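Below: final10.pdb (PDB, C-alpha atoms)
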```pdb
ATOM      1  CA  MET A   1      55.393   7.402  19.052
ATOM      2  CA  ASN A   2      57.888   5.839  21.414
ATOM      3  CA  SER A   3      61.443   5.710  20.070
ATOM      4  CA  ASN A   4      61.621   2.019  21.078
ATOM      5  CA  THR A   5      58.891   1.339  18.522
ATOM      6  CA  TYR A   6      61.564   1.528  15.819
ATOM      7  CA  ASN A   7      63.643  -1.275  17.354
ATOM      8  CA  LYS A   8      63.071  -4.572  15.630
ATOM      9  CA  LEU A   9      63.730  -8.197  16.294
ATOM     10  CA  SER A  10      66.409  -9.764  14.132
ATOM     11  CA  GLU A  11      65.549 -12.519  11.678
ATOM     12  CA  ASP A  12      67.566 -14.967  13.819
ATOM     13  CA  VAL A  13      65.541 -14.138  16.953
ATOM     14  CA  ILE A  14      62.246 -14.365  15.045
ATOM     15  CA  ASN A  15      63.161 -17.809  13.713
ATOM     16  CA  GLN A  16      63.919 -19.029  17.248
ATOM     17  CA  ILE A  17      60.691 -17.805  18.854
ATOM     18  CA  LYS A  18      58.009 -17.678  16.136
ATOM     19  CA  GLY A  19      56.600 -21.113  17.004
ATOM     20  CA  PHE A  20      56.032 -20.347  20.703
ATOM     21  CA  GLU A  21      52.454 -20.138  21.953
ATOM     22  CA  HIS A  22      51.584 -16.914  23.761
ATOM     23  CA  SER A  23      49.937 -15.899  27.013
ATOM     24  CA  TYR A  24      47.052 -14.073  25.281
ATOM     25  CA  LYS A  25      45.706 -17.520  24.429
ATOM     26  CA  SER A  26      44.108 -18.637  27.672
ATOM     27  CA  TYR A  27      44.862 -22.278  26.930
ATOM     28  CA  CYS A  28      48.572 -21.684  26.230
ATOM     29  CA  GLU A  29      51.345 -20.448  28.460
ATOM     30  CA  LEU A  30      55.009 -20.051  27.681
ATOM     31  CA  THR A  31      57.170 -22.622  29.452
ATOM     32  CA  GLU A  32      59.848 -21.445  31.884
ATOM     33  CA  GLU A  33      62.467 -22.541  29.356
ATOM     34  CA  GLN A  34      60.794 -20.440  26.628
ATOM     35  CA  LYS A  35      60.548 -17.422  28.970
ATOM     36  CA  SER A  36      64.263 -17.687  29.800
ATOM     37  CA  LEU A  37      65.179 -17.947  26.140
ATOM     38  CA  ILE A  38      63.031 -14.900  25.317
ATOM     39  CA  ASP A  39      64.666 -12.916  28.128
ATOM     40  CA  GLU A  40      68.063 -13.850  26.724
ATOM     41  CA  LEU A  41      67.232 -13.257  23.043
ATOM     42  CA  ILE A  42      65.300  -9.980  23.378
ATOM     43  CA  PRO A  43      67.279  -7.456  25.442
ATOM     44  CA  ASN A  44      64.943  -4.563  24.546
ATOM     45  CA  GLU A  45      62.390  -4.543  27.370
ATOM     46  CA  GLU A  46      59.527  -3.024  25.361
ATOM     47  CA  LEU A  47      59.879  -5.539  22.520
ATOM     48  CA  ARG A  48      60.282  -8.434  24.970
ATOM     49  CA  GLU A  49      57.137  -7.522  26.925
ATOM     50  CA  ARG A  50      55.115  -6.894  23.750
ATOM     51  CA  TYR A  51      56.166 -10.282  22.406
ATOM     52  CA  LYS A  52      55.278 -12.060  25.659
ATOM     53  CA  GLU A  53      51.944 -10.264  25.896
ATOM     54  CA  TYR A  54      50.758 -10.080  22.264
ATOM     55  CA  GLY A  55      52.849 -12.432  20.118
ATOM     56  CA  LEU A  56      54.291 -11.776  16.667
ATOM     57  CA  CYS A  57      52.557 -10.013  13.787
ATOM     58  CA  LYS A  58      51.683 -12.462  11.018
ATOM     59  CA  GLU A  59      52.686  -9.888   8.379
ATOM     60  CA  CYS A  60      55.993  -8.445   9.575
ATOM     61  CA  SER A  61      56.974 -10.955  12.323
ATOM     62  CA  GLN A  62      57.575  -8.150  14.837
ATOM     63  CA  PRO A  63      55.831  -8.002  18.238
ATOM     64  CA  ASN A  64      52.214  -6.825  18.045
ATOM     65  CA  THR A  65      51.251  -3.688  19.974
ATOM     66  CA  SER A  66      47.999  -5.092  21.427
ATOM     67  CA  TYR A  67      45.616  -7.996  21.413
ATOM     68  CA  ASN A  68      41.860  -7.681  21.894
ATOM     69  CA  TYR A  69      40.380 -10.842  20.353
ATOM     70  CA  PHE A  70      42.638 -10.110  17.371
ATOM     71  CA  ALA A  71      46.252  -8.984  17.172
ATOM     72  CA  TRP A  72      47.123  -5.371  16.310
ATOM     73  CA  CYS A  73      50.454  -4.321  14.779
ATOM     74  CA  GLN A  74      50.960  -0.555  14.731
ATOM     75  CA  SER A  75      53.632  -0.722  12.055
ATOM     76  CA  CYS A  76      51.627  -2.815   9.581
ATOM     77  CA  ASN A  77      48.290  -1.153  10.285
ATOM     78  CA  SER A  78      49.696   2.346   9.837
ATOM     79  CA  LYS A  79      50.806   1.230   6.335
ATOM     80  CA  HIS A  80      47.290  -0.056   5.620
ATOM     81  CA  PHE A  81      45.808   3.262   6.754
ATOM     82  CA  GLN A  82      48.273   5.225   4.594
ATOM     83  CA  GLN A  83      47.203   3.267   1.524
ATOM     84  CA  ASP A  84      43.642   4.538   2.088
ATOM     85  CA  PHE A  85      44.423   8.218   2.749
ATOM     86  CA  ASN A  86      43.535   9.148  -0.827
ATOM     87  CA  LYS A  87      40.191   7.299  -0.648
ATOM     88  CA  TRP A  88      38.466   9.658   1.802
ATOM     89  CA  THR A  89      38.308  13.296   2.877
ATOM     90  CA  SER A  90      36.296  15.349   5.330
ATOM     91  CA  GLY A  91      36.686  18.330   3.026
ATOM     92  CA  ASN A  92      38.863  20.026   5.664
ATOM     93  CA  LYS A  93      42.640  19.528   5.336
ATOM     94  CA  GLU A  94      43.286  20.109   9.065
ATOM     95  CA  ILE A  95      40.696  17.529  10.094
ATOM     96  CA  ASP A  96      42.007  15.015   7.532
ATOM     97  CA  GLU A  97      45.568  15.413   8.859
ATOM     98  CA  PHE A  98      44.335  15.112  12.450
ATOM     99  CA  ILE A  99      42.525  11.832  11.690
ATOM    100  CA  GLN A 100      45.479  10.504   9.686
ATOM    101  CA  LYS A 101      47.839  11.227  12.601
ATOM    102  CA  PHE A 102      45.586   9.215  14.919
ATOM    103  CA  GLN A 103      45.482   6.340  12.448
ATOM    104  CA  LEU A 104      49.260   6.245  12.057
ATOM    105  CA  ASN A 105      49.811   6.263  15.820
ATOM    106  CA  ALA A 106      47.081   3.776  16.820
ATOM    107  CA  THR A 107      48.678   1.015  18.880
ATOM    108  CA  ARG A 108      45.356  -0.787  19.287
ATOM    109  CA  GLN A 109      41.959  -0.921  17.607
ATOM    110  CA  GLU A 110      40.296   1.307  20.226
ATOM    111  CA  GLU A 111      42.551   4.230  19.264
ATOM    112  CA  VAL A 112      41.443   4.414  15.621
ATOM    113  CA  LEU A 113      39.663   7.531  14.375
ATOM    114  CA  GLU A 114      37.859   7.512  11.034
ATOM    115  CA  TRP A 115      36.003   9.974   8.839
ATOM    116  CA  ILE A 116      32.602   8.414   8.173
ATOM    117  CA  PRO A 117      30.505   9.957   5.386
ATOM    118  CA  TYR A 118      26.846  10.539   6.234
ATOM    119  CA  GLU A 119      25.693   8.003   3.627
ATOM    120  CA  LYS A 120      27.414   5.246   5.655
ATOM    121  CA  PHE A 121      24.664   5.538   8.293
ATOM    122  CA  ARG A 122      21.085   4.267   8.103
ATOM    123  CA  GLU A 123      18.021   4.301  10.344
ATOM    124  CA  ILE A 124      19.044   7.723  11.668
ATOM    125  CA  GLU A 125      16.762   8.723  14.518
ATOM    126  CA  TYR A 126      16.657  12.081  16.315
ATOM    127  CA  LEU A 127      17.184  11.842  20.093
ATOM    128  CA  ALA A 128      17.701  15.333  21.521
ATOM    129  CA  LYS A 129      18.926  18.886  20.998
ATOM    130  CA  GLY A 130      21.724  20.405  23.072
ATOM    131  CA  GLY A 131      23.705  23.621  23.284
ATOM    132  CA  PHE A 132      26.154  22.710  20.509
ATOM    133  CA  GLY A 133      23.940  20.687  18.193
ATOM    134  CA  THR A 134      21.618  17.707  17.936
ATOM    135  CA  VAL A 135      22.032  14.066  18.932
ATOM    136  CA  HIS A 136      20.867  11.117  16.836
ATOM    137  CA  LYS A 137      21.264   7.366  16.917
ATOM    138  CA  ALA A 138      21.972   5.329  13.790
ATOM    139  CA  LYS A 139      23.273   2.085  12.380
ATOM    140  CA  TRP A 140      26.783   2.314  10.973
ATOM    141  CA  ILE A 141      26.577   0.286   7.757
ATOM    142  CA  ASP A 142      30.245  -0.752   7.569
ATOM    143  CA  GLY A 143      30.993  -0.627  11.286
ATOM    144  CA  TYR A 144      34.243   0.150  13.002
ATOM    145  CA  ILE A 145      37.644  -1.299  12.173
ATOM    146  CA  TRP A 146      38.437  -4.346  14.269
ATOM    147  CA  TYR A 147      41.538  -5.774  12.602
ATOM    148  CA  TRP A 148      43.351  -6.210   9.295
ATOM    149  CA  ASN A 149      42.297  -9.409   7.529
ATOM    150  CA  ILE A 150      45.536 -10.657   5.972
ATOM    151  CA  ASP A 151      43.832 -13.308   3.823
ATOM    152  CA  GLN A 152      41.392 -10.829   2.251
ATOM    153  CA  ASN A 153      43.813  -7.874   2.311
ATOM    154  CA  LYS A 154      41.261  -5.520   3.857
ATOM    155  CA  TRP A 155      39.930  -4.244   7.175
ATOM    156  CA  TYR A 156      37.531  -6.486   9.033
ATOM    157  CA  ARG A 157      34.764  -4.294  10.403
ATOM    158  CA  TYR A 158      32.220  -4.819  13.142
ATOM    159  CA  ASN A 159      28.702  -3.479  12.515
ATOM    160  CA  THR A 160      27.229  -1.503  15.367
ATOM    161  CA  ASP A 161      24.746   1.136  16.438
ATOM    162  CA  VAL A 162      26.236   4.567  17.117
ATOM    163  CA  VAL A 163      25.290   7.929  18.558
ATOM    164  CA  LEU A 164      25.846  10.876  16.224
ATOM    165  CA  LYS A 165      26.356  14.416  17.421
ATOM    166  CA  CYS A 166      25.649  16.984  14.724
ATOM    167  CA  LEU A 167      27.534  20.119  15.736
ATOM    168  CA  ASN A 168      26.302  23.603  14.916
ATOM    169  CA  ASN A 169      28.782  25.425  12.632
ATOM    170  CA  SER A 170      30.883  22.273  12.241
ATOM    171  CA  GLN A 171      32.402  23.626   9.027
ATOM    172  CA  ASN A 172      34.415  25.993  11.266
ATOM    173  CA  LEU A 173      36.019  23.260  13.397
ATOM    174  CA  THR A 174      39.695  23.688  14.177
ATOM    175  CA  THR A 175      42.322  21.197  15.251
ATOM    176  CA  ASP A 176      42.383  22.979  18.638
ATOM    177  CA  PHE A 177      38.752  21.928  19.101
ATOM    178  CA  LEU A 178      39.561  18.359  18.044
ATOM    179  CA  GLN A 179      42.552  18.185  20.430
ATOM    180  CA  GLU A 180      40.277  19.282  23.268
ATOM    181  CA  VAL A 181      37.674  16.639  22.382
ATOM    182  CA  CYS A 182      40.369  13.957  22.458
ATOM    183  CA  THR A 183      41.642  14.955  25.900
ATOM    184  CA  VAL A 184      38.143  14.887  27.447
ATOM    185  CA  GLN A 185      37.754  11.096  27.051
TER
END
```

Serialized structure, structure tokens:
Amino acid sequence: MNSNTYNKLSEDVINQIKGFEHSYKSYCELTEEQKSLIDELIPNEELRERYKEYGLCKECSQPNTSYNYFAWCQSCNSKHFQQDFNKWTSGNKEIDEFIQKFQLNATRQEEVLEWIPYEKFREIEYLAKGGFGTVHKAKWIDGYIWYWNIDQNKWYRYNTDVVLKCLNNSQNLTTDFLQEVCTVQ
């Protein structure tokens, strides 16, 4: 995590800028006067650019870390993930910690890793066998996390079809293996 992530906007600055419309809304652009004021009020470059690009989080009033149809706030979402750590386990402490680290550091929805129990899939269909295991397609019942729904106080999920890779000897996975998988993207 970047050390600038811990810098925060003051309450005074938030009160002066919270009503501005943001560039992520195609129909709204900041005025030149608003841009100048933002440049003056927010000396920290990372916070200033995040604010201009993604707007303020509706929970903590700090600049979001991304925007892909919905805003993403790393700080708030990492707290939401932490609250759920005791509600799931892969059965392997190393894997659980690896997934939790990804969740805490996710600056946007596309960076989220989750442990999905087998019973959360339906219509599982075999596709092929490979050197390390078998490949299936399935429907993910809950779907992936898209954003935190503030009004309902829960994750909004998007249902989707997925490809599952069942690895041979997966009970022996190590974090070294998982690190390698993550760098191959």

Give me the residues within 12 Å of Glu49 (chain A) as a PDB file with C-alpha atoms, in the coordinates of the input, counting only C-alpha atoms and dropping any in the same chain fewer than 6 places off.
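Dumped everything to selection-v5.pdb:
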```pdb
ATOM      1  CA  HIS A  22      51.584 -16.914  23.761  1.00  0.00           C
ATOM      2  CA  SER A  23      49.937 -15.899  27.013  1.00  0.00           C
ATOM      3  CA  LYS A  35      60.548 -17.422  28.970  1.00  0.00           C
ATOM      4  CA  ILE A  38      63.031 -14.900  25.317  1.00  0.00           C
ATOM      5  CA  ASP A  39      64.666 -12.916  28.128  1.00  0.00           C
ATOM      6  CA  ILE A  42      65.300  -9.980  23.378  1.00  0.00           C
ATOM      7  CA  PRO A  43      67.279  -7.456  25.442  1.00  0.00           C
ATOM      8  CA  GLY A  55      52.849 -12.432  20.118  1.00  0.00           C
ATOM      9  CA  LEU A  56      54.291 -11.776  16.667  1.00  0.00           C
ATOM     10  CA  PRO A  63      55.831  -8.002  18.238  1.00  0.00           C
ATOM     11  CA  ASN A  64      52.214  -6.825  18.045  1.00  0.00           C
ATOM     12  CA  THR A  65      51.251  -3.688  19.974  1.00  0.00           C
ATOM     13  CA  SER A  66      47.999  -5.092  21.427  1.00  0.00           C
TER      14      SER A  66
END
```

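Restricting the calculation to all atoms listed in the file, the smallest distance between Cys73 (chain A) and any of A:Arg157, A:Lys52, A:Lys101, A:Lys58 is found for A:Lys58.
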
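Distances here use all atoms listed in the file; by that measure, the residue among A:Asn44, A:Ser36, A:Asn92, A:Cys76 closest to Ser10 (chain A) is A:Asn44.
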
Problem - Neighbour list for Cys166 (chain A) as a list in words, cut-off 12 Å, all atoms listed in the file, skip fewer than 5 positions in-chain - result: Tyr118, Ile124, Tyr126, Leu127, Ala128, Lys129, Gly130, Gly131, Phe132, Gly133, Thr134, Val135, His136, Lys137 and Gln171 of chain A

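Checking A:Tyr147, A:Glu40, A:Trp140, A:Phe20 one by one against Val163 (chain A), counting only C-alpha atoms, you find the shortest gap at A:Trp140.
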
Exercise for the section: Expand the PyMOL selection byres ((chain A and resi 123) around 8) into the individual residues it matches in the shown file, reporting them as a list in words. Expected result: Phe121, Arg122, Ile124, Glu125, Lys137, Ala138 and Lys139 of chain A

Problem - Atom pair CA of Asn68 (chain A) / CA of Thr31 (chain A): separation (Å) - result: 22.7 Å

Completion exercise
In Å and to one decimal, CA of Asp176 (chain A) is distant from CA of Phe102 (chain A) by 14.6 Å

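Relative to CA of Phe98 (chain A), CA of Lys8 (chain A) is found at 27.4 Å.
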
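Near Thr107 (chain A), within 10 Å and counting only C-alpha atoms, sit A:Met1, A:Asn64, A:Thr65, A:Ser66, A:Tyr67, A:Trp72, A:Cys73, A:Gln74, A:Ser75, A:Asn77, A:Ser78, A:Phe102, A:Gln103, A:Leu104, A:Glu110, A:Glu111, A:Val112; same-chain residues fewer than 3 positions away were not included.
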
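The closest residue to Pro117 (chain A), picked from A:Ser61, A:Ser90, A:Asn159, A:Gln100 and counting all atoms listed in the file, is A:Ser90.
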
Padded axis-aligned box of region 156-170 of chain A (8 Å per side), centre and edge lengths, Å, one decimal, as JSON:
```
{"center_x": 31.1, "center_y": 9.5, "center_z": 13.8, "size_x": 28.8, "size_y": 47.9, "size_z": 25.5}
```

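Evaluated against this file, the PyMOL selection byres ((chain A and resi 17) around 10) yields Asp12, Val13, Ile14, Asn15, Gln16, Lys18, Gly19, Phe20, Glu21, Gln34, Leu37, Ile38, Leu41, Tyr51, Gly55 and Leu56 of chain A.
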
Could you list the residues chosen by the PyMOL selection byres ((chain A and resi 148) around 10) in this structure as a PDB file with C-alpha atoms, in the coordinates of the input?
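As a result, out_38.pdb now contains:
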```pdb
ATOM      1  CA  PHE A  70      42.638 -10.110  17.371  1.00  0.00           C
ATOM      2  CA  ALA A  71      46.252  -8.984  17.172  1.00  0.00           C
ATOM      3  CA  TRP A  72      47.123  -5.371  16.310  1.00  0.00           C
ATOM      4  CA  CYS A  73      50.454  -4.321  14.779  1.00  0.00           C
ATOM      5  CA  CYS A  76      51.627  -2.815   9.581  1.00  0.00           C
ATOM      6  CA  ASN A  77      48.290  -1.153  10.285  1.00  0.00           C
ATOM      7  CA  HIS A  80      47.290  -0.056   5.620  1.00  0.00           C
ATOM      8  CA  GLN A 109      41.959  -0.921  17.607  1.00  0.00           C
ATOM      9  CA  ILE A 145      37.644  -1.299  12.173  1.00  0.00           C
ATOM     10  CA  TRP A 146      38.437  -4.346  14.269  1.00  0.00           C
ATOM     11  CA  TYR A 147      41.538  -5.774  12.602  1.00  0.00           C
ATOM     12  CA  ASN A 149      42.297  -9.409   7.529  1.00  0.00           C
ATOM     13  CA  ILE A 150      45.536 -10.657   5.972  1.00  0.00           C
ATOM     14  CA  ASP A 151      43.832 -13.308   3.823  1.00  0.00           C
ATOM     15  CA  GLN A 152      41.392 -10.829   2.251  1.00  0.00           C
ATOM     16  CA  ASN A 153      43.813  -7.874   2.311  1.00  0.00           C
ATOM     17  CA  LYS A 154      41.261  -5.520   3.857  1.00  0.00           C
ATOM     18  CA  TRP A 155      39.930  -4.244   7.175  1.00  0.00           C
ATOM     19  CA  TYR A 156      37.531  -6.486   9.033  1.00  0.00           C
ATOM     20  CA  ARG A 157      34.764  -4.294  10.403  1.00  0.00           C
TER      21      ARG A 157
END
```

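When the distance limit is 10 Å and only C-alpha atoms are what count, the residues near Asp96 (chain A), minus those fewer than 6 positions from it on the same chain, are A:Phe85, A:Trp88, A:Thr89, A:Ser90, A:Glu114, A:Trp115, A:Thr175.
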
For the residues in that selection, give me C-alpha atoms as a PDB file, in the frame of the given file.
```pdb
ATOM      1  CA  PHE A  85      44.423   8.218   2.749  1.00  0.00           C
ATOM      2  CA  TRP A  88      38.466   9.658   1.802  1.00  0.00           C
ATOM      3  CA  THR A  89      38.308  13.296   2.877  1.00  0.00           C
ATOM      4  CA  SER A  90      36.296  15.349   5.330  1.00  0.00           C
ATOM      5  CA  GLU A 114      37.859   7.512  11.034  1.00  0.00           C
ATOM      6  CA  TRP A 115      36.003   9.974   8.839  1.00  0.00           C
ATOM      7  CA  THR A 175      42.322  21.197  15.251  1.00  0.00           C
TER       8      THR A 175
END
```
